[in-house]
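What follows is upload01.cif (mmCIF, C-alpha atoms).
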data_work
#
loop_
_atom_site.label_atom_id
_atom_site.label_comp_id
_atom_site.auth_asym_id
_atom_site.auth_seq_id
_atom_site.Cartn_x
_atom_site.Cartn_y
_atom_site.Cartn_z
CA MET N 172 -7.72 18.81 -26.54
CA ALA N 173 -4.49 18.11 -24.71
CA ASN N 174 -3.90 19.27 -21.15
CA THR N 175 -0.55 20.66 -20.13
CA VAL N 176 1.41 21.72 -17.07
CA LEU N 177 4.57 23.82 -17.15
CA HIS N 178 7.23 23.68 -14.44
CA LYS N 179 9.88 26.29 -15.12
CA ALA N 180 13.28 25.37 -13.71
CA ALA N 181 13.41 28.32 -11.33
CA THR N 182 10.10 27.35 -9.71
CA ARG N 183 11.34 23.94 -8.54
CA GLY N 184 11.91 23.21 -4.88
CA HIS N 185 15.53 23.63 -3.83
CA ALA N 186 17.57 22.34 -0.93
CA ASN N 187 21.29 22.84 -0.45
CA HIS N 188 22.65 20.68 2.37
CA GLY N 189 26.27 21.38 1.53
CA TRP N 190 27.10 17.84 0.48
CA LEU N 191 23.86 17.66 -1.53
CA ASP N 192 22.41 20.32 -3.80
CA SER N 193 19.00 19.16 -4.97
CA TYR N 194 16.21 20.58 -7.10
CA HIS N 195 12.78 19.00 -6.76
CA SER N 196 10.27 19.11 -9.63
CA PHE N 197 7.69 17.61 -7.25
CA SER N 198 7.08 17.86 -3.51
CA PHE N 199 9.92 16.20 -1.66
CA ALA N 200 11.47 16.44 1.81
CA ASN N 201 10.93 19.98 3.07
CA TYR N 202 9.54 21.19 -0.25
CA TYR N 203 5.77 20.87 -0.28
CA ASN N 204 3.60 22.33 -3.03
CA PRO N 205 0.07 20.89 -3.19
CA GLU N 206 0.00 21.73 -6.91
CA ARG N 207 3.09 19.62 -7.47
CA ILE N 208 2.64 16.30 -5.77
CA HIS N 209 2.99 14.11 -8.85
CA PHE N 210 2.44 13.82 -12.60
CA GLY N 211 0.43 10.63 -12.91
CA ALA N 212 2.64 7.78 -11.74
CA LEU N 213 5.70 10.07 -11.66
CA ARG N 214 6.12 11.02 -8.00
CA VAL N 215 9.71 12.23 -7.70
CA LEU N 216 12.07 13.98 -10.11
CA ASN N 217 15.13 15.22 -8.27
CA ASP N 218 18.07 16.89 -9.96
CA ASP N 219 20.90 16.09 -7.55
CA THR N 220 24.52 17.16 -7.22
CA VAL N 221 26.50 15.26 -4.59
CA SER N 222 29.91 16.43 -3.37
CA GLU N 223 33.09 14.40 -3.67
CA GLY N 224 33.02 11.26 -1.51
CA LYS N 225 29.61 12.11 -0.04
CA GLY N 226 26.23 10.48 -0.56
CA PHE N 227 23.00 9.00 0.71
CA GLY N 228 23.64 6.52 3.54
CA LYS N 229 21.78 3.25 3.92
CA HIS N 230 18.02 3.89 3.93
CA PRO N 231 14.90 1.89 3.10
CA HIS N 232 12.24 1.97 0.42
CA ASP N 233 9.21 -0.13 -0.37
CA ASN N 234 6.64 -0.30 -3.16
CA MET N 235 8.35 2.22 -5.40
CA GLU N 236 10.20 1.97 -8.72
CA ILE N 237 13.40 4.01 -8.39
CA ILE N 238 15.40 5.08 -11.41
CA SER N 239 18.76 6.85 -11.37
CA ILE N 240 20.27 8.50 -14.43
CA PRO N 241 23.85 9.75 -13.93
CA LEU N 242 24.71 12.92 -15.83
CA GLN N 243 28.29 13.43 -14.64
CA GLY N 244 30.71 11.48 -12.46
CA ASP N 245 30.49 8.04 -10.88
CA LEU N 246 27.75 6.96 -8.49
CA GLN N 247 28.40 3.94 -6.28
CA HIS N 248 25.39 1.82 -5.37
CA GLU N 249 25.12 -0.79 -2.61
CA ASP N 250 21.94 -2.55 -1.49
CA SER N 251 20.55 -5.18 0.88
CA MET N 252 20.39 -7.70 -1.98
CA GLY N 253 24.18 -7.70 -2.09
CA ASN N 254 24.57 -5.59 -5.20
CA VAL N 255 27.59 -3.31 -5.41
CA ALA N 256 27.88 -1.33 -8.62
CA VAL N 257 29.06 1.93 -10.10
CA ILE N 258 27.00 3.82 -12.65
CA LYS N 259 28.21 6.70 -14.79
CA ASN N 260 26.96 8.90 -17.61
CA GLY N 261 25.46 6.63 -20.26
CA ASP N 262 24.19 4.11 -17.69
CA ILE N 263 20.71 3.86 -16.22
CA GLN N 264 19.80 2.10 -13.00
CA ALA N 265 16.39 0.77 -11.92
CA MET N 266 15.32 -0.70 -8.60
CA SER N 267 11.99 -2.21 -7.67
CA ALA N 268 11.70 -1.66 -3.93
CA GLY N 269 8.69 -3.97 -3.64
CA THR N 270 8.51 -5.66 -0.25
CA GLY N 271 11.45 -3.60 0.94
CA ILE N 272 15.10 -2.83 0.32
CA PHE N 273 17.86 -0.81 1.91
CA HIS N 274 20.39 0.93 -0.27
CA SER N 275 23.03 3.63 -0.34
CA GLU N 276 24.25 5.86 -3.17
CA PHE N 277 27.62 7.62 -2.93
CA ASN N 278 29.80 9.77 -5.12
CA LYS N 279 32.73 7.48 -5.85
CA ASN N 280 34.87 10.34 -7.09
CA LYS N 281 37.27 12.18 -4.80
CA ASN N 282 37.82 15.10 -7.15
CA GLU N 283 34.50 15.98 -8.75
CA PRO N 284 30.81 16.14 -7.85
CA VAL N 285 28.40 13.58 -9.23
CA LYS N 286 25.26 14.82 -10.90
CA PHE N 287 22.29 12.54 -11.43
CA LEU N 288 18.53 12.42 -11.75
CA GLN N 289 16.61 10.50 -9.13
CA ILE N 290 13.16 9.43 -10.35
CA TRP N 291 10.48 7.58 -8.41
CA ILE N 292 7.51 5.95 -10.12
CA PHE N 293 4.51 4.38 -8.40
CA PRO N 294 4.47 0.69 -9.41
CA ASN N 295 1.48 -1.08 -10.90
CA LYS N 296 1.95 -4.01 -8.50
CA LYS N 297 2.48 -3.95 -4.76
CA ASN N 298 4.82 -6.16 -2.79
CA VAL N 299 6.86 -7.49 -5.69
CA ALA N 300 10.23 -9.13 -5.04
CA PRO N 301 12.92 -6.44 -4.80
CA ARG N 302 15.21 -6.29 -7.80
CA TYR N 303 18.11 -4.22 -9.13
CA SER N 304 19.30 -3.70 -12.67
CA GLN N 305 21.51 -1.38 -14.64
CA VAL N 306 22.39 -1.10 -18.30
CA THR N 307 25.00 0.80 -20.26
CA LEU N 308 23.68 2.60 -23.30
CA ASN N 309 25.49 3.92 -26.34
CA VAL N 310 25.04 7.67 -26.07
CA GLU N 311 25.54 8.01 -29.84
CA ASP N 312 22.26 6.16 -30.32
CA ARG N 313 20.37 9.19 -29.02
CA HIS N 314 21.84 11.70 -31.48
CA ASN N 315 18.90 13.13 -33.42
CA LYS N 316 16.62 10.37 -32.20
CA LEU N 317 14.80 9.26 -29.09
CA GLN N 318 16.68 6.39 -27.46
CA GLN N 319 14.49 4.17 -25.30
CA VAL N 320 16.07 3.76 -21.86
CA LEU N 321 13.18 2.26 -19.86
CA SER N 322 10.05 0.25 -20.53
CA PRO N 323 7.70 -2.26 -18.86
CA ASP N 324 9.18 -5.09 -20.92
CA ALA N 325 12.29 -6.98 -19.78
CA GLY N 326 13.03 -7.85 -23.41
CA ASP N 327 12.91 -4.28 -24.65
CA GLY N 328 15.56 -1.55 -24.78
CA GLY N 329 17.00 -0.15 -21.55
CA VAL N 330 15.94 -1.15 -18.05
CA TRP N 331 12.43 -2.32 -17.15
CA ILE N 332 10.11 -1.51 -14.25
CA HIS N 333 6.77 -2.62 -12.85
CA GLN N 334 4.75 0.10 -14.55
CA ASP N 335 3.43 0.92 -18.02
CA ALA N 336 6.05 3.60 -18.42
CA TRP N 337 8.54 4.38 -21.15
CA PHE N 338 11.54 6.73 -20.90
CA TYR N 339 13.62 8.12 -23.76
CA LEU N 340 16.73 10.28 -24.00
CA GLY N 341 17.49 12.45 -27.01
CA ARG N 342 20.27 14.85 -28.05
CA PHE N 343 19.42 17.01 -31.01
CA ASP N 344 21.08 19.32 -33.48
CA LYS N 345 19.57 22.79 -33.70
CA ASP N 346 16.30 22.82 -35.67
CA PHE N 347 16.02 19.03 -35.62
CA SER N 348 12.46 17.95 -34.87
CA VAL N 349 10.86 14.64 -33.97
CA ASP N 350 7.33 13.42 -33.27
CA TYR N 351 6.62 11.04 -30.43
CA ASP N 352 3.63 8.69 -30.51
CA LEU N 353 2.49 7.61 -27.06
CA ASN N 354 2.50 3.89 -26.34
CA LYS N 355 -0.80 4.17 -24.46
CA LYS N 356 -3.44 6.82 -24.97
CA THR N 357 -4.25 6.96 -21.25
CA ASN N 358 -0.65 7.88 -20.49
CA GLY N 359 0.84 11.35 -20.31
CA VAL N 360 4.30 12.60 -21.20
CA TYR N 361 6.60 14.67 -19.00
CA VAL N 362 9.49 16.25 -20.89
CA PHE N 363 12.47 17.40 -18.82
CA VAL N 364 15.11 19.51 -20.55
CA LEU N 365 18.61 18.34 -19.68
CA HIS N 366 20.44 20.89 -21.80
CA GLY N 367 19.65 23.77 -24.09
CA ASP N 368 16.36 24.96 -25.51
CA VAL N 369 13.51 23.04 -27.12
CA THR N 370 9.93 23.61 -28.17
CA VAL N 371 7.38 20.94 -27.26
CA ASP N 372 3.95 21.26 -28.86
CA GLY N 373 4.50 25.01 -29.24
CA GLN N 374 5.78 25.53 -25.68
CA SER N 375 9.29 26.97 -25.45
CA LEU N 376 11.41 25.25 -22.83
CA ASN N 377 14.85 25.98 -21.44
CA ASN N 378 17.45 24.14 -19.41
CA ARG N 379 15.84 22.06 -16.58
CA ASP N 380 12.26 23.12 -17.40
CA GLY N 381 9.60 20.42 -17.16
CA PHE N 382 6.48 20.20 -19.31
CA GLY N 383 3.69 17.66 -18.85
CA ILE N 384 1.15 16.82 -21.55
CA TRP N 385 -1.79 14.43 -21.36
CA ASP N 386 -5.02 13.65 -23.20
CA THR N 387 -3.07 13.39 -26.41
CA ASP N 388 -1.61 10.58 -28.48
CA LYS N 389 1.32 12.45 -30.04
CA ILE N 390 3.72 15.26 -29.22
CA SER N 391 6.31 17.10 -31.29
CA ILE N 392 9.74 18.19 -30.10
CA LYS N 393 11.98 20.71 -31.87
CA ALA N 394 15.49 21.68 -30.85
CA ASP N 395 16.03 25.43 -30.57
CA SER N 396 19.72 25.16 -29.71
CA GLN N 397 22.62 22.94 -30.71
CA ASP N 398 23.00 19.75 -28.66
CA ALA N 399 19.69 20.21 -26.90
CA GLU N 400 19.02 17.22 -24.65
CA VAL N 401 15.74 15.96 -23.26
CA LEU N 402 14.45 13.19 -21.04
CA LEU N 403 10.97 12.11 -22.10
CA MET N 404 8.92 10.16 -19.54
CA GLU N 405 5.66 8.53 -20.58
CA VAL N 406 3.69 7.42 -17.52
CA PRO N 407 0.12 6.38 -16.66
CA MET N 408 -2.03 9.31 -15.60
CA ASN N 409 -4.65 7.24 -13.78
CA ILE N 410 -3.21 5.88 -10.56
CA MET Q 1384 1.44 19.93 23.76
CA GLU Q 1385 -0.04 16.59 22.80
CA LYS Q 1386 1.90 14.68 20.21
CA ILE Q 1387 0.44 13.60 16.90
CA GLN Q 1388 -0.15 9.87 17.21
CA ILE Q 1389 0.80 7.79 14.18
CA LEU Q 1390 0.16 4.08 13.69
CA VAL Q 1391 2.65 2.40 11.35
CA LEU Q 1392 2.00 -0.98 9.79
CA CYS Q 1393 4.75 -2.69 7.80
CA SER Q 1394 5.64 -6.37 7.57
CA HIS Q 1395 9.33 -5.66 6.95
CA GLU Q 1396 10.66 -5.49 10.52
CA GLU Q 1397 13.83 -3.54 9.74
CA ILE Q 1398 11.94 -0.96 7.68
CA LEU Q 1399 9.28 -0.73 10.39
CA GLN Q 1400 11.91 0.01 13.02
CA THR Q 1401 13.51 2.63 10.77
CA ILE Q 1402 10.22 4.38 10.11
CA VAL Q 1403 9.24 4.45 13.78
CA ARG Q 1404 12.68 5.85 14.65
CA LEU Q 1405 12.49 8.51 11.93
CA ILE Q 1406 9.01 9.59 12.97
CA ASN Q 1407 9.97 9.75 16.63
CA ASN Q 1408 12.89 12.02 15.72
CA ASN Q 1409 10.21 14.68 15.33
CA GLU Q 1410 9.33 15.82 18.84
CA LYS Q 1411 5.76 16.59 17.77
CA TRP Q 1412 5.07 13.04 16.57
CA ASN Q 1413 4.80 9.67 18.26
CA ALA Q 1414 4.83 6.46 16.26
CA THR Q 1415 3.51 3.07 17.27
CA GLY Q 1416 4.58 0.30 14.94
CA THR Q 1417 3.47 -3.22 14.24
CA ALA Q 1418 4.12 -5.78 11.54
CA ASP Q 1419 0.84 -7.59 12.12
CA ALA Q 1420 -2.53 -6.51 10.69
CA GLU Q 1421 -4.59 -7.98 13.55
CA ARG Q 1422 -2.32 -6.29 16.09
CA ALA Q 1423 -2.84 -3.01 14.20
CA ILE Q 1424 -6.61 -3.39 14.55
CA GLY Q 1425 -6.19 -4.04 18.28
CA LEU Q 1426 -3.99 -0.97 18.71
CA PHE Q 1427 -6.47 1.15 16.79
CA HIS Q 1428 -9.24 0.05 19.14
CA GLN Q 1429 -7.20 0.77 22.25
CA HIS Q 1430 -5.63 4.12 21.32
CA THR Q 1431 -6.52 7.28 19.46
CA PHE Q 1432 -4.48 7.85 16.31
CA ASP Q 1433 -4.34 10.87 14.03
CA LEU Q 1434 -2.80 9.10 11.07
CA VAL Q 1435 -2.16 5.57 9.80
CA LEU Q 1436 0.81 4.72 7.59
CA LEU Q 1437 0.61 1.53 5.57
CA GLY Q 1438 3.78 -0.04 4.26
CA SER Q 1439 4.90 -3.07 2.39
CA GLY Q 1440 3.85 -6.68 2.78
CA ILE Q 1441 0.16 -6.12 3.51
CA ASN Q 1442 -1.94 -8.12 1.11
CA GLY Q 1443 -4.82 -6.48 -0.72
CA LYS Q 1444 -7.50 -8.27 1.29
CA ASP Q 1445 -5.98 -7.22 4.62
CA GLU Q 1446 -5.51 -3.66 3.42
CA LYS Q 1447 -9.16 -3.32 2.40
CA LYS Q 1448 -10.22 -4.76 5.74
CA LEU Q 1449 -7.96 -2.38 7.66
CA ARG Q 1450 -9.14 0.66 5.74
CA ARG Q 1451 -12.77 -0.34 6.33
CA ILE Q 1452 -12.31 -0.92 10.06
CA PHE Q 1453 -10.22 2.18 10.69
CA THR Q 1454 -12.56 4.43 8.73
CA TYR Q 1455 -15.65 2.93 10.41
CA GLN Q 1456 -14.17 3.59 13.83
CA ASN Q 1457 -12.87 7.05 12.93
CA PRO Q 1458 -14.30 8.55 9.72
CA GLU Q 1459 -11.77 11.41 9.96
CA ILE Q 1460 -8.71 9.18 10.03
CA ARG Q 1461 -6.20 9.65 7.24
CA ILE Q 1462 -4.66 6.46 5.92
CA ILE Q 1463 -1.70 6.92 3.62
CA GLU Q 1464 1.02 4.84 2.05
CA HIS Q 1465 4.58 5.18 3.16
CA PHE Q 1466 7.32 4.09 0.81
CA GLY Q 1467 9.90 2.84 3.24
CA GLY Q 1468 11.08 6.01 4.89
CA GLY Q 1469 13.77 6.55 2.28
CA SER Q 1470 15.18 10.01 2.06
CA GLY Q 1471 12.55 12.52 1.24
CA LEU Q 1472 9.00 11.33 1.19
CA LEU Q 1473 8.17 10.17 4.72
CA SER Q 1474 8.07 13.52 6.50
CA ASN Q 1475 6.66 15.20 3.41
CA GLU Q 1476 3.73 12.80 3.14
CA ILE Q 1477 2.99 12.99 6.87
CA GLU Q 1478 3.07 16.78 6.91
CA ALA Q 1479 0.85 16.88 3.83
CA ALA Q 1480 -1.67 14.46 5.31
CA LEU Q 1481 -1.82 16.31 8.62
CA SER Q 1482 -2.13 19.64 6.83
CA ASP Q 1483 -4.91 18.31 4.66
CA ASN Q 1484 -6.64 16.84 7.69
CA ALA Q 1485 -6.65 20.27 9.28
CA GLN Q 1486 -7.95 21.93 6.14
CA GLY Q 1487 -10.37 19.22 5.10
CA ASN Q 1488 -8.53 18.86 1.82
CA VAL Q 1489 -7.49 15.78 -0.03
CA ASN Q 1490 -4.22 16.81 -1.62
CA VAL Q 1491 -2.16 13.82 -0.66
CA ILE Q 1492 -2.25 10.52 -2.46
CA ASP Q 1493 -4.11 8.23 -0.05
CA ASP Q 1494 -3.67 5.12 -2.12
CA PRO Q 1495 -1.81 5.38 -5.41
CA PHE Q 1496 -2.52 1.70 -6.07
CA LYS Q 1497 -6.30 1.84 -5.98
CA LYS Q 1498 -8.04 1.15 -9.26
#

Output the file's structure as structure tokens, nothing else.
Amino acid sequence: MANTVLHKAATRGHANHGWLDSYHSFSFANYYNPERIHFGALRVLNDDTVSEGKGFGKHPHDNMEIISIPLQGDLQHEDSMGNVAVIKNGDIQAMSAGTGIFHSEFNKNKNEPVKFLQIWIFPNKKNVAPRYSQVTLNVEDRHNKLQQVLSPDAGDGGVWIHQDAWFYLGRFDKDFSVDYDLNKKTNGVYVFVLHGDVTVDGQSLNNRDGFGIWDTDKISIKADSQDAEVLLMEVPMNI
Amino acid sequence: MEKIQILVLCSHEEILQTIVRLINNNEKWNATGTADAERAIGLFHQHTFDLVLLGSGINGKDEKKLRRIFTYQNPEIRIIEHFGGGSGLLSNEIEAALSDNAQGNVNVIDDPFKK
């Protein structure tokens, strides 16, 4: 029998700092909910909007896999490894903080906010060499299918991280349905709705809702609205 | 009011300095930092700490040893991971650990890497 947890969008933590408007699916910064510390290896899921020209100044991380998925606008990345890059909708960025990195993320645009998801995953190895990667994906490849955007395998689709985790993006026509078979039975799946309405294993979900499922080897997703979009994150539950 | 005493261990000097500075921005907290495991043990013997933060660069053998020594000396001590003091988690994890200490709960993730 599968276990589930539902995080309705309106119940997320929220912080508006003026330059940054952020919704936290899990405890973060001044938002602390002991019932929402993490979903398995998924520790942070922030839904961020950053004002024009503003951003996160140089700050450090270690021993964390950090994934950014831009939804709108251009996000400029700089880090202590010398990487300078811009990511935009259709790209995905992954960093292994490992033994330690400093980085900054800024809205490159002067005339529109940048919206992006910031996701932190506990790694399966400590003290790895820091690394940065980004890939550009064809957004048409997620129309009525689940497009893999992250995996543990450097030779597989999307970016890779130091964890047995797989991420997928999908954009569906109304009434389209798809089954997802987990890569590992000990993993769980956290579905985050990026747009529209979907039903996951009988649970109705709306824009920005999150739904976690574990102790199962398959889930079903059905679109209840046109152009419904989801981010599916399969992560280890035993950490 | 006595400050909460926090021992920070991290082999990355620049991150260590950042974490100590961020912690000391909170007037209720006082951080003592070191990049050396043996020095951390010495500090733990000499001073009373409420919380230990472990960061990057500590090998598994040293970490086990530290956890064993700290817990032997103070069974109530909370030892948690920090993740570099990047925006968001540092204060949250400290507050959670201190809150749980007070309540006798275990709601923070002491060691997400343990098997």

List every residue of region 269-349 of chain N that has an atom at most 12 Å from any atom of region 1399-1421 of chain Q, giving for each one its closest atom pair and the distance in Å to one decimal, counting all atoms listed in the file, sorted by chain and then by ascending residue number, as JSON lines.
{"residue": "N:Thr270", "atom": "CA", "partner": "Q:Leu1399", "partner_atom": "CA", "distance": 11.8}
{"residue": "N:Gly271", "atom": "CA", "partner": "Q:Leu1399", "partner_atom": "CA", "distance": 10.1}
{"residue": "N:Ile272", "atom": "CA", "partner": "Q:Leu1399", "partner_atom": "CA", "distance": 11.8}
{"residue": "N:Phe273", "atom": "CA", "partner": "Q:Thr1401", "partner_atom": "CA", "distance": 10.5}

- [ ] Name the residues that the PyMOL selection byres ((chain N and resi 362) around 8) pulls out of this structure, and write them as JSON, numbers by chain.
- [x] {"N": [360, 361, 363, 364, 381, 382, 383, 401, 402, 403, 404]}

TODO: Quick one: everything within 12 Å of Met235 (chain N), counting all atoms listed in the file, minus sequence neighbours fewer than 6 positions away in the same chain. Send it as JSON, numbers by chain.
DONE: {"N": [212, 213, 214, 215, 265, 266, 267, 268, 269, 270, 271, 272, 290, 291, 292, 293, 294, 295, 296, 297, 298, 299, 300, 301, 302, 332, 333, 334], "Q": [1438, 1439, 1464, 1465, 1466, 1467, 1468, 1469, 1472, 1495, 1496]}

TODO: Residues of chain N near chain Q: apply a cut-off of 6 Å, count only C-alpha atoms, and supply the list as a PyMOL selection string.
DONE: chain N and resi 199-200+230-234+270+298+410

Around all of region 1472-1483 of chain Q's listed atoms, make the axis-aligned box with 8 Å on each side and tell me centre and edge lengths in Å to one decimal, as JSON.
{"center_x": 2.0, "center_y": 14.9, "center_z": 4.9, "size_x": 29.9, "size_y": 25.5, "size_z": 23.4}

TODO: Kindly indicate which residue among Q:Val1391, Q:Ile1424, Q:Leu1437, Q:Lys1386 lies nearest to Tyr1455 (chain Q), using all atoms listed in the file for the distances.
DONE: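 Under the stated criterion, the closest residue is Q:Ile1424.
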
- [ ] With the file shown as input, list the residues that the PyMOL selection byres ((chain N and resi 320) around 6) selects, as an NGL selection string.
- [x] :N and (319 or 321 or 329 or 338-339)

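Distance-wise, CA of Gly228 (chain N) and CA of Pro241 (chain N) end up 17.8 Å apart.
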
- [ ] Convert the output of the PyMOL selection byres ((chain N and resi 374-379) around 10) on the shown file into explicit residues, formatted as a VMD selection string.
- [x] chain N and resid 175 177 to 181 183 194 196 218 362 to 373 380 to 382 392 to 396 399 to 401

- [ ] Tell me which protein, DNA and RNA residues are within 10 Å of Asn354 (chain N), counting all atoms listed in the file, leaving out same-chain ones fewer than 5 positions away, and put them as a VMD selection string.
- [x] chain N and resid 335 to 337 359 388 to 389 405 to 406

Task: Neighbour list for Thr357 (chain N) as a PyMOL selection string, cut-off 8 Å, all atoms listed in the file, skip fewer than 3 positions in-chain - done: chain N and resi 385-386+407-409

Would you put the residues from that selection into a file with C-alpha atoms, as a PDB file, keeping the file's coordinate frame?
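Full text of out-v8.pdb as output:
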ATOM      1  CA  TRP N 385      -1.790  14.430 -21.360  1.00  0.00           C
ATOM      2  CA  ASP N 386      -5.020  13.650 -23.200  1.00  0.00           C
ATOM      3  CA  PRO N 407       0.120   6.380 -16.660  1.00  0.00           C
ATOM      4  CA  MET N 408      -2.030   9.310 -15.600  1.00  0.00           C
ATOM      5  CA  ASN N 409      -4.650   7.240 -13.780  1.00  0.00           C
TER       6      ASN N 409
END

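Taking CA of Ser304 (chain N) and CA of Gln264 (chain N) as the two end points, the separation is 5.8 Å.
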
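Nearest residue to Pro323 (chain N) among N:Lys356, N:Glu236, N:Asp245, N:Asp219 is N:Glu236, counting only C-alpha atoms.
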
- [ ] For Asn315 (chain N), please output as a VMD selection string all residues within 8 Å (counting all atoms listed in the file; exclusion window: fewer than 4 positions along the same chain).
- [x] chain N and resid 341 to 344 347
